[in-house]
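> Would you mind keeping the following structure in view while I ask a few things?
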Amino acid sequence: MQKVMTYLTTEELAVLIKYDCRTIRNKLKDRVLLEGIHYIKPFGGRKILFIWETIQRDMSIAPQKHLVIPMANGGVAYGSN
């Protein structure tokens with residue numbers, strides 16, 4: 001059975017996580033919210049759709065004391081501080 005994903009625009013995500021749209025686009029996107037994990041650009045276009053289930057899951061993860069580098073396949077690589 002395929003998992004159902006909830007796709008959100010920047011404006012819809014902003015309402016849910018209580019951040020300004022500009023903050024999401026300028027500070028979170030590509031730093032915290034990563035393409036292919038937290039958002040997609042459907043059909044190779046410019047529009048961005050955020051994946052709510054992934055964002056919701058990752059928001060509840062406690063910060064790590066060591067450097068964690070997210071990998072494209074969903075795993076992580078651990079670095080030194």
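Scheme for the structure tokens: letters A, B, ... for chains in order shown; per-chain residue numbers from 1; ligand numbers from 1 in order shown.
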Find the spatial neighbours of A:Ile48, counting only C-alpha atoms, within a cut-off of 10 Å - ignore same-chain residues fewer than 5 positions away - and output them as a VMD selection string.
chain A and resid 7 to 10 25 35 39 to 42
> Do you know which residues are at most 10 Å from stretch 30-34 of chain A counting only C-alpha atoms, after dropping those on the same chain fewer than 2 positions away, and could you put them as a PyMOL selection string?
chain A and resi 24-28+36-40+50-51+54-55+58-59+70-72
> Chain A: which residues are strand (DSSP E or B) by DSSP, as a list in words?
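Answer for chain A, restricted to strand (DSSP E or B): Tyr7, Leu8, Lys29, Leu33, Glu35, Tyr39, Ile40, Leu49, Phe50, Ile51, Leu67, Val68, Ile69, Pro70, Val76, Ala77, Tyr78 and Gly79 of chain A.
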> Based on DSSP run over this structure's backbone, return all residues of chain A in helix (DSSP H, G or I), as a short mmCIF file (atom, residue, chain, number, x, y, z; two decimals) with C-alpha atoms, in the first residue's frame.

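And here is the file that came out, states.cif:
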```cif
data_model
loop_
_atom_site.label_atom_id
_atom_site.label_comp_id
_atom_site.auth_asym_id
_atom_site.auth_seq_id
_atom_site.Cartn_x
_atom_site.Cartn_y
_atom_site.Cartn_z
CA THR A 10 4.87 27.75 1.26
CA GLU A 11 1.87 29.75 2.48
CA GLU A 12 0.11 26.65 3.83
CA LEU A 13 3.28 25.46 5.57
CA ALA A 14 3.79 28.90 7.11
CA VAL A 15 0.38 28.71 8.78
CA LEU A 16 1.05 25.25 10.21
CA ILE A 17 4.54 25.90 11.61
CA CYS A 21 6.80 32.65 4.21
CA ARG A 22 9.99 34.66 3.67
CA THR A 23 11.69 32.88 6.57
CA ILE A 24 10.80 29.52 5.07
CA ARG A 25 12.11 30.51 1.63
CA ASN A 26 15.21 32.41 2.77
CA LYS A 27 16.38 30.65 5.94
CA LEU A 28 14.87 27.17 6.16
CA PRO A 42 6.89 18.59 -9.29
CA PHE A 43 7.24 18.04 -13.03
CA GLY A 44 10.63 19.80 -13.05
CA TRP A 52 4.10 17.76 5.61
CA GLU A 53 4.67 14.31 7.12
CA THR A 54 8.46 14.56 6.73
CA ILE A 55 8.59 18.10 8.12
CA GLN A 56 6.37 17.17 11.04
CA ARG A 57 8.54 14.13 11.83
CA ASP A 58 11.81 16.10 11.67
CA MET A 59 10.54 19.05 13.71
#
```
> Can you work out the spacing between atom CA of A:Lys29 and atom CA of A:Ile69 in Å, to one decimal?
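Taking atom CA of A:Lys29 as the start and atom CA of A:Ile69 as the end point, the length is 15.3 Å.
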